[in-house]
Structures are given as structure tokens and as C-alpha cells.
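Text of final24.cif (mmCIF, C-alpha atoms) as supplied:
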```
data_work
#
loop_
_atom_site.group_PDB
_atom_site.id
_atom_site.type_symbol
_atom_site.label_atom_id
_atom_site.label_comp_id
_atom_site.auth_asym_id
_atom_site.auth_seq_id
_atom_site.Cartn_x
_atom_site.Cartn_y
_atom_site.Cartn_z
ATOM 1 C CA MET A 211 20.627 -67.598 -131.548
ATOM 2 C CA LYS A 212 20.237 -66.696 -135.211
ATOM 3 C CA LEU A 213 17.793 -63.889 -136.029
ATOM 4 C CA MET A 214 16.588 -62.637 -139.381
ATOM 5 C CA LYS A 215 13.951 -59.956 -139.437
ATOM 6 C CA LYS A 216 11.147 -58.784 -141.661
ATOM 7 C CA THR A 217 9.515 -55.569 -140.464
ATOM 8 C CA GLN A 218 5.876 -54.662 -140.721
ATOM 9 C CA MET A 219 4.857 -51.218 -139.490
ATOM 10 C CA LEU A 220 1.258 -50.551 -138.633
ATOM 11 C CA PHE A 221 -0.055 -47.125 -137.767
ATOM 12 C CA PHE A 222 -2.747 -47.513 -135.171
ATOM 13 C CA ASP A 223 -5.514 -45.016 -135.788
ATOM 14 C CA THR A 224 -9.121 -45.550 -134.798
ATOM 15 C CA THR A 225 -10.657 -42.060 -134.834
ATOM 16 C CA GLN A 226 -7.522 -40.049 -134.046
ATOM 17 C CA TRP A 227 -3.811 -40.778 -133.926
ATOM 18 C CA THR A 228 -3.284 -42.836 -130.785
ATOM 19 C CA GLY A 229 0.154 -44.282 -131.395
ATOM 20 C CA ASN A 230 2.308 -46.482 -133.590
ATOM 21 C CA LEU A 231 2.130 -50.263 -133.502
ATOM 22 C CA ARG A 232 5.064 -52.188 -134.971
ATOM 23 C CA ILE A 233 5.024 -55.967 -135.430
ATOM 24 C CA THR A 234 8.308 -57.556 -136.482
ATOM 25 C CA PRO A 235 8.245 -61.294 -137.257
ATOM 26 C CA MET A 236 11.661 -62.905 -136.710
ATOM 27 C CA ASN A 237 13.014 -66.160 -138.112
ATOM 28 C CA TYR A 238 15.013 -67.696 -135.318
ATOM 29 C CA GLU A 239 16.662 -70.810 -134.000
ATOM 30 C CA ILE A 240 16.224 -70.981 -130.232
ATOM 31 C CA LYS A 241 16.771 -74.263 -128.433
ATOM 32 C CA ASN A 242 14.559 -73.353 -125.486
ATOM 33 C CA ALA A 243 11.855 -70.743 -126.138
ATOM 34 C CA LYS A 244 10.735 -70.670 -122.499
ATOM 35 C CA GLU A 245 14.291 -69.940 -121.318
ATOM 36 C CA PHE A 246 14.613 -67.205 -123.957
ATOM 37 C CA LEU A 247 11.424 -65.558 -122.658
ATOM 38 C CA ARG A 248 12.476 -66.059 -119.023
ATOM 39 C CA GLU A 249 15.700 -64.138 -119.760
ATOM 40 C CA ILE A 250 13.779 -61.199 -121.277
ATOM 41 C CA LEU A 251 11.357 -61.291 -118.344
ATOM 42 C CA ARG A 252 14.248 -61.041 -115.879
ATOM 43 C CA GLU A 253 16.174 -58.346 -117.806
ATOM 44 C CA GLU A 254 13.175 -56.101 -118.457
ATOM 45 C CA HIS A 255 11.180 -56.767 -115.263
ATOM 46 C CA GLY A 256 8.206 -57.668 -117.429
ATOM 47 C CA GLN A 257 5.038 -59.727 -117.167
ATOM 48 C CA ASN A 258 4.476 -63.246 -118.503
ATOM 49 C CA ILE A 259 1.950 -63.729 -121.287
ATOM 50 C CA ASN A 260 0.209 -67.057 -121.732
ATOM 51 C CA TRP A 261 -2.533 -66.637 -124.291
ATOM 52 C CA LYS A 262 -4.209 -69.651 -125.880
ATOM 53 C CA ASN A 263 -1.694 -70.053 -128.724
ATOM 54 C CA ILE A 264 0.971 -67.514 -127.710
ATOM 55 C CA LEU A 265 3.647 -67.367 -125.008
ATOM 56 C CA GLY A 266 5.437 -64.107 -124.359
ATOM 57 C CA VAL A 267 6.661 -61.246 -122.234
ATOM 58 C CA TYR A 268 5.277 -57.695 -121.927
ATOM 59 C CA TYR A 269 7.040 -54.640 -120.492
ATOM 60 C CA THR A 270 7.052 -50.846 -120.796
ATOM 61 C CA GLU A 271 9.711 -48.157 -121.055
ATOM 62 C CA ASN A 272 9.502 -44.384 -120.751
ATOM 63 C CA LYS A 273 11.879 -42.458 -123.010
ATOM 64 C CA LYS A 274 11.830 -38.725 -123.655
ATOM 65 C CA ASN A 275 8.305 -38.383 -122.225
ATOM 66 C CA GLU A 276 7.044 -41.210 -124.476
ATOM 67 C CA GLU A 277 5.721 -44.492 -123.213
ATOM 68 C CA ILE A 278 6.698 -47.508 -125.294
ATOM 69 C CA ASN A 279 5.050 -50.882 -124.700
ATOM 70 C CA TYR A 280 6.925 -54.017 -125.815
ATOM 71 C CA TRP A 281 5.792 -57.584 -126.406
ATOM 72 C CA TYR A 282 8.045 -60.548 -127.238
ATOM 73 C CA LEU A 283 5.616 -63.192 -128.485
ATOM 74 C CA ILE A 284 6.158 -66.771 -129.652
ATOM 75 C CA GLU A 285 3.448 -68.375 -131.762
ATOM 76 C CA ASN A 286 4.021 -71.696 -133.502
ATOM 77 C CA ASN A 287 7.832 -71.465 -133.015
ATOM 78 C CA LYS A 288 7.978 -67.989 -134.546
ATOM 79 C CA LEU A 289 9.141 -64.949 -132.598
ATOM 80 C CA TYR A 290 7.339 -61.621 -132.968
ATOM 81 C CA ILE A 291 8.784 -58.472 -131.445
ATOM 82 C CA CYS A 292 6.057 -55.863 -131.120
ATOM 83 C CA SER A 293 5.997 -52.308 -129.831
ATOM 84 C CA PHE A 294 3.330 -49.684 -129.334
ATOM 85 C CA THR A 295 4.352 -46.068 -128.846
ATOM 86 C CA VAL A 296 1.541 -44.235 -127.110
ATOM 87 C CA GLY A 297 0.372 -41.150 -128.971
ATOM 88 C CA ASN A 298 -2.038 -38.334 -128.194
ATOM 89 C CA LEU A 299 -3.872 -39.794 -125.218
ATOM 90 C CA ASN A 300 -5.133 -37.551 -122.452
ATOM 91 C CA GLY A 301 -5.687 -39.971 -119.615
ATOM 92 C CA LYS A 302 -5.227 -43.383 -118.096
ATOM 93 C CA THR A 303 -8.622 -44.619 -119.343
ATOM 94 C CA GLU A 304 -7.832 -43.712 -122.976
ATOM 95 C CA LYS A 305 -4.448 -45.422 -122.722
ATOM 96 C CA GLU A 306 -5.993 -48.573 -121.228
ATOM 97 C CA THR A 307 -8.613 -48.641 -124.008
ATOM 98 C CA GLU A 308 -5.947 -48.421 -126.742
ATOM 99 C CA LEU A 309 -3.743 -51.048 -125.071
ATOM 100 C CA LYS A 310 -6.765 -53.362 -124.922
ATOM 101 C CA LYS A 311 -7.235 -52.919 -128.697
ATOM 102 C CA VAL A 312 -3.523 -53.561 -129.313
ATOM 103 C CA ASN A 313 -3.653 -56.710 -127.182
ATOM 104 C CA GLU A 314 -6.623 -57.973 -129.209
ATOM 105 C CA ILE A 315 -4.633 -57.439 -132.412
ATOM 106 C CA LEU A 316 -1.595 -59.238 -130.979
ATOM 107 C CA ARG A 317 -3.704 -62.162 -129.709
ATOM 108 C CA SER A 318 -4.840 -62.710 -133.303
ATOM 109 C CA ILE A 319 -1.295 -63.377 -134.597
ATOM 110 C CA LYS A 320 -1.191 -66.644 -136.523
ATOM 111 C CA THR A 321 1.880 -68.090 -138.233
ATOM 112 C CA GLU A 322 1.211 -69.657 -141.615
#
```
For this file, write the structure as C-alpha cells.
Amino acid sequence: MKLMKKTQMLFFDTTQWTGNLRITPMNYEIKNAKEFLREILREEHGQNINWKNILGVYYTENKKNEEINYWYLIENNKLYICSFTVGNLNGKTEKETELKKVNEILRSIKTE
């Protein structure tokens, strides 16, 4: 696999700081995208994503009392590695609301 990356950092802020969203588009040569995603799914114990135009894997990690959400997404043969570090959220409902917003952003990814 050959990877070249271009990083785009987005700070996710609706009315207060809620976390950092990073979207990194990768140029890659993968012979079998589904196998690539299946390997990540197995290694990270994640969840499959099958949105209308996007296949991917989602998983979370907890490091140093921070929750980090990861998405490996493939849209139109382009790989996007995305992460959302949860910020100042007081409860499960607030976290779910922000993750819903992040998912809506990620579902809108389109490769030109």
C-alpha cells in the first residue's frame, strides 16, 4: 500500500468548544478496499459503515481521559482518515448530539 497524505484540520465549535475534528484525505493504491477495511475492523474491533456513497469503519479509543473517535472512510476510491476528539461535554446526550453532527459532516464527503 502506498499512502500520501494531505491534512485538513477542522475545529468543531457550534456554540462552545466541543472537540477537534480532523479529516485527512489520503492518496492510496489498495488492490482490495473491502479487505483493507475488514483488516481495520478486525484490529480495532470497530463497526462497519455503509453510507450511500461511502464505505468505512468506525471505532473509539480512550487515552489519558480523552475519548477519540476514528473513521476510516472510502469515497470514490479515496481514503479519508478522520478523528474527533471529544471536548468539554458534560453528558452522554451532549456527546451523542455532537457525534451526530460529525457524522453528518462526514457523510457529506465528496471526492472531486
Selected residue of minimal separation from Arg248 in chain A among A:Val267, A:Cys292, A:Glu276, A:Thr234, counting all atoms listed in the file
A:Val267
Please provide the set of residues having any atom within 10 Å of Ser318 in chain A, restricted to all atoms listed in the file, with same-chain residues fewer than 5 positions apart removed, written as JSON, numbers by chain.
{"A": [263, 264, 313]}
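CA of Leu289 in chain A is positioned 20.4 Å from CA of Glu271 in chain A.
Taking all atoms listed in the file into account, Phe246 in chain A lies nearest to A:Tyr282 out of the set A:Asn272, A:Asn260, A:Glu277, A:Tyr282.
When the distance limit is 10 Å and all atoms listed in the file are what count, the residues near Tyr269 in chain A, minus those fewer than 4 positions from it on the same chain, are Ile250, Leu251, Glu254, His255, Gly256, Gln257, Asn258, Ile278, Asn279, Tyr280, Trp281, Tyr282 and Ser293 of chain A.
From CA of Glu308 in chain A back to CA of Ile291 in chain A, the distance works out to 18.4 Å.
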Go through A:Leu283, A:Asn275, A:Tyr268, A:Gly229 and flag the residue nearest Ala243 in chain A, using all atoms listed in the file for the distances.
A:Leu283
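From CA of Pro235 in chain A back to CA of Thr321 in chain A, the distance works out to 9.4 Å.
With all atoms listed in the file as the atoms that count, the minimum distance from Ile259 in chain A to the choices A:Ile233, A:Tyr238, A:Ile284, A:Lys274 is reached by A:Ile284.
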As AutoDock Vina command-line options, what would the box around range 270-284 of chain A look like: edges along x, y and z, 4 Å added on every side, centre and edge lengths in Å to one decimal?
```
--center_x 8.5 --center_y -52.6 --center_z -125.2 --size_x 14.8 --size_y 36.4 --size_z 16.9
```
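If you measure from each of A:Asn287, A:Ile315, A:Glu253, A:Trp261 to Lys241 in chain A using all atoms listed in the file, the closest one turns out to be A:Asn287.
With only C-alpha atoms as the atoms that count, the residue of A:Met236, A:Leu309, A:Lys302, A:Lys244 with the shortest distance to Thr270 in chain A is A:Leu309.
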Output range 232-257 of chain A with N, CA, C and O atoms present, as a short mmCIF file (atom, residue, chain, number, x, y, z; two decimals), in the frame of the given file.
```cif
data_model
loop_
_atom_site.label_atom_id
_atom_site.label_comp_id
_atom_site.auth_asym_id
_atom_site.auth_seq_id
_atom_site.Cartn_x
_atom_site.Cartn_y
_atom_site.Cartn_z
N ARG A 232 4.11 -51.52 -134.08
CA ARG A 232 5.06 -52.19 -134.97
C ARG A 232 5.08 -53.67 -134.60
O ARG A 232 5.24 -54.01 -133.43
N ILE A 233 4.94 -54.52 -135.62
CA ILE A 233 5.02 -55.97 -135.43
C ILE A 233 6.14 -56.47 -136.34
O ILE A 233 6.08 -56.29 -137.55
N THR A 234 7.17 -57.07 -135.73
CA THR A 234 8.31 -57.56 -136.48
C THR A 234 8.41 -59.07 -136.31
O THR A 234 8.80 -59.54 -135.24
N PRO A 235 8.06 -59.84 -137.34
CA PRO A 235 8.24 -61.29 -137.26
C PRO A 235 9.73 -61.62 -137.46
O PRO A 235 10.38 -61.05 -138.33
N MET A 236 10.25 -62.54 -136.65
CA MET A 236 11.66 -62.90 -136.71
C MET A 236 11.77 -64.40 -137.02
O MET A 236 11.07 -65.21 -136.41
N ASN A 237 12.66 -64.75 -137.93
CA ASN A 237 13.01 -66.16 -138.11
C ASN A 237 14.14 -66.43 -137.13
O ASN A 237 15.11 -65.67 -137.07
N TYR A 238 14.02 -67.47 -136.36
CA TYR A 238 15.01 -67.70 -135.32
C TYR A 238 15.23 -69.18 -135.09
O TYR A 238 14.43 -70.02 -135.46
N GLU A 239 16.35 -69.47 -134.47
CA GLU A 239 16.66 -70.81 -134.00
C GLU A 239 16.98 -70.69 -132.52
O GLU A 239 18.05 -70.22 -132.14
N ILE A 240 16.04 -71.04 -131.68
CA ILE A 240 16.22 -70.98 -130.23
C ILE A 240 15.97 -72.38 -129.70
O ILE A 240 14.93 -72.97 -129.98
N LYS A 241 16.92 -72.90 -128.95
CA LYS A 241 16.77 -74.26 -128.43
C LYS A 241 15.68 -74.36 -127.39
O LYS A 241 14.97 -75.34 -127.30
N ASN A 242 15.53 -73.31 -126.57
CA ASN A 242 14.56 -73.35 -125.49
C ASN A 242 13.81 -72.02 -125.43
O ASN A 242 14.28 -71.05 -124.85
N ALA A 243 12.63 -71.98 -126.06
CA ALA A 243 11.86 -70.74 -126.14
C ALA A 243 11.49 -70.22 -124.76
O ALA A 243 11.53 -69.01 -124.52
N LYS A 244 11.12 -71.12 -123.84
CA LYS A 244 10.74 -70.67 -122.50
C LYS A 244 11.91 -70.02 -121.77
O LYS A 244 11.73 -69.02 -121.08
N GLU A 245 13.11 -70.55 -121.94
CA GLU A 245 14.29 -69.94 -121.32
C GLU A 245 14.58 -68.58 -121.94
O GLU A 245 14.94 -67.63 -121.26
N PHE A 246 14.43 -68.47 -123.26
CA PHE A 246 14.61 -67.20 -123.96
C PHE A 246 13.68 -66.15 -123.38
O PHE A 246 14.09 -65.04 -123.05
N LEU A 247 12.40 -66.50 -123.22
CA LEU A 247 11.42 -65.56 -122.66
C LEU A 247 11.72 -65.26 -121.19
O LEU A 247 11.57 -64.12 -120.75
N ARG A 248 12.15 -66.26 -120.44
CA ARG A 248 12.48 -66.06 -119.02
C ARG A 248 13.61 -65.05 -118.88
O ARG A 248 13.60 -64.21 -117.99
N GLU A 249 14.59 -65.09 -119.80
CA GLU A 249 15.70 -64.14 -119.76
C GLU A 249 15.21 -62.71 -120.01
O GLU A 249 15.61 -61.77 -119.32
N ILE A 250 14.34 -62.53 -121.00
CA ILE A 250 13.78 -61.20 -121.28
C ILE A 250 12.96 -60.72 -120.09
O ILE A 250 13.05 -59.57 -119.67
N LEU A 251 12.17 -61.61 -119.52
CA LEU A 251 11.36 -61.29 -118.34
C LEU A 251 12.23 -60.76 -117.21
O LEU A 251 11.93 -59.74 -116.60
N ARG A 252 13.34 -61.43 -116.96
CA ARG A 252 14.25 -61.04 -115.88
C ARG A 252 14.93 -59.71 -116.20
O ARG A 252 14.98 -58.81 -115.36
N GLU A 253 15.44 -59.56 -117.42
CA GLU A 253 16.17 -58.35 -117.81
C GLU A 253 15.29 -57.11 -117.82
O GLU A 253 15.73 -56.02 -117.46
N GLU A 254 14.06 -57.25 -118.27
CA GLU A 254 13.18 -56.10 -118.46
C GLU A 254 12.14 -55.93 -117.35
O GLU A 254 11.33 -55.01 -117.41
N HIS A 255 12.15 -56.82 -116.36
CA HIS A 255 11.18 -56.77 -115.26
C HIS A 255 9.75 -56.73 -115.82
O HIS A 255 8.94 -55.91 -115.42
N GLY A 256 9.49 -57.64 -116.74
CA GLY A 256 8.21 -57.67 -117.43
C GLY A 256 7.18 -58.58 -116.80
O GLY A 256 7.34 -59.04 -115.67
N GLN A 257 6.14 -58.84 -117.58
CA GLN A 257 5.04 -59.73 -117.17
C GLN A 257 4.95 -60.88 -118.16
O GLN A 257 5.10 -60.69 -119.36
#
```
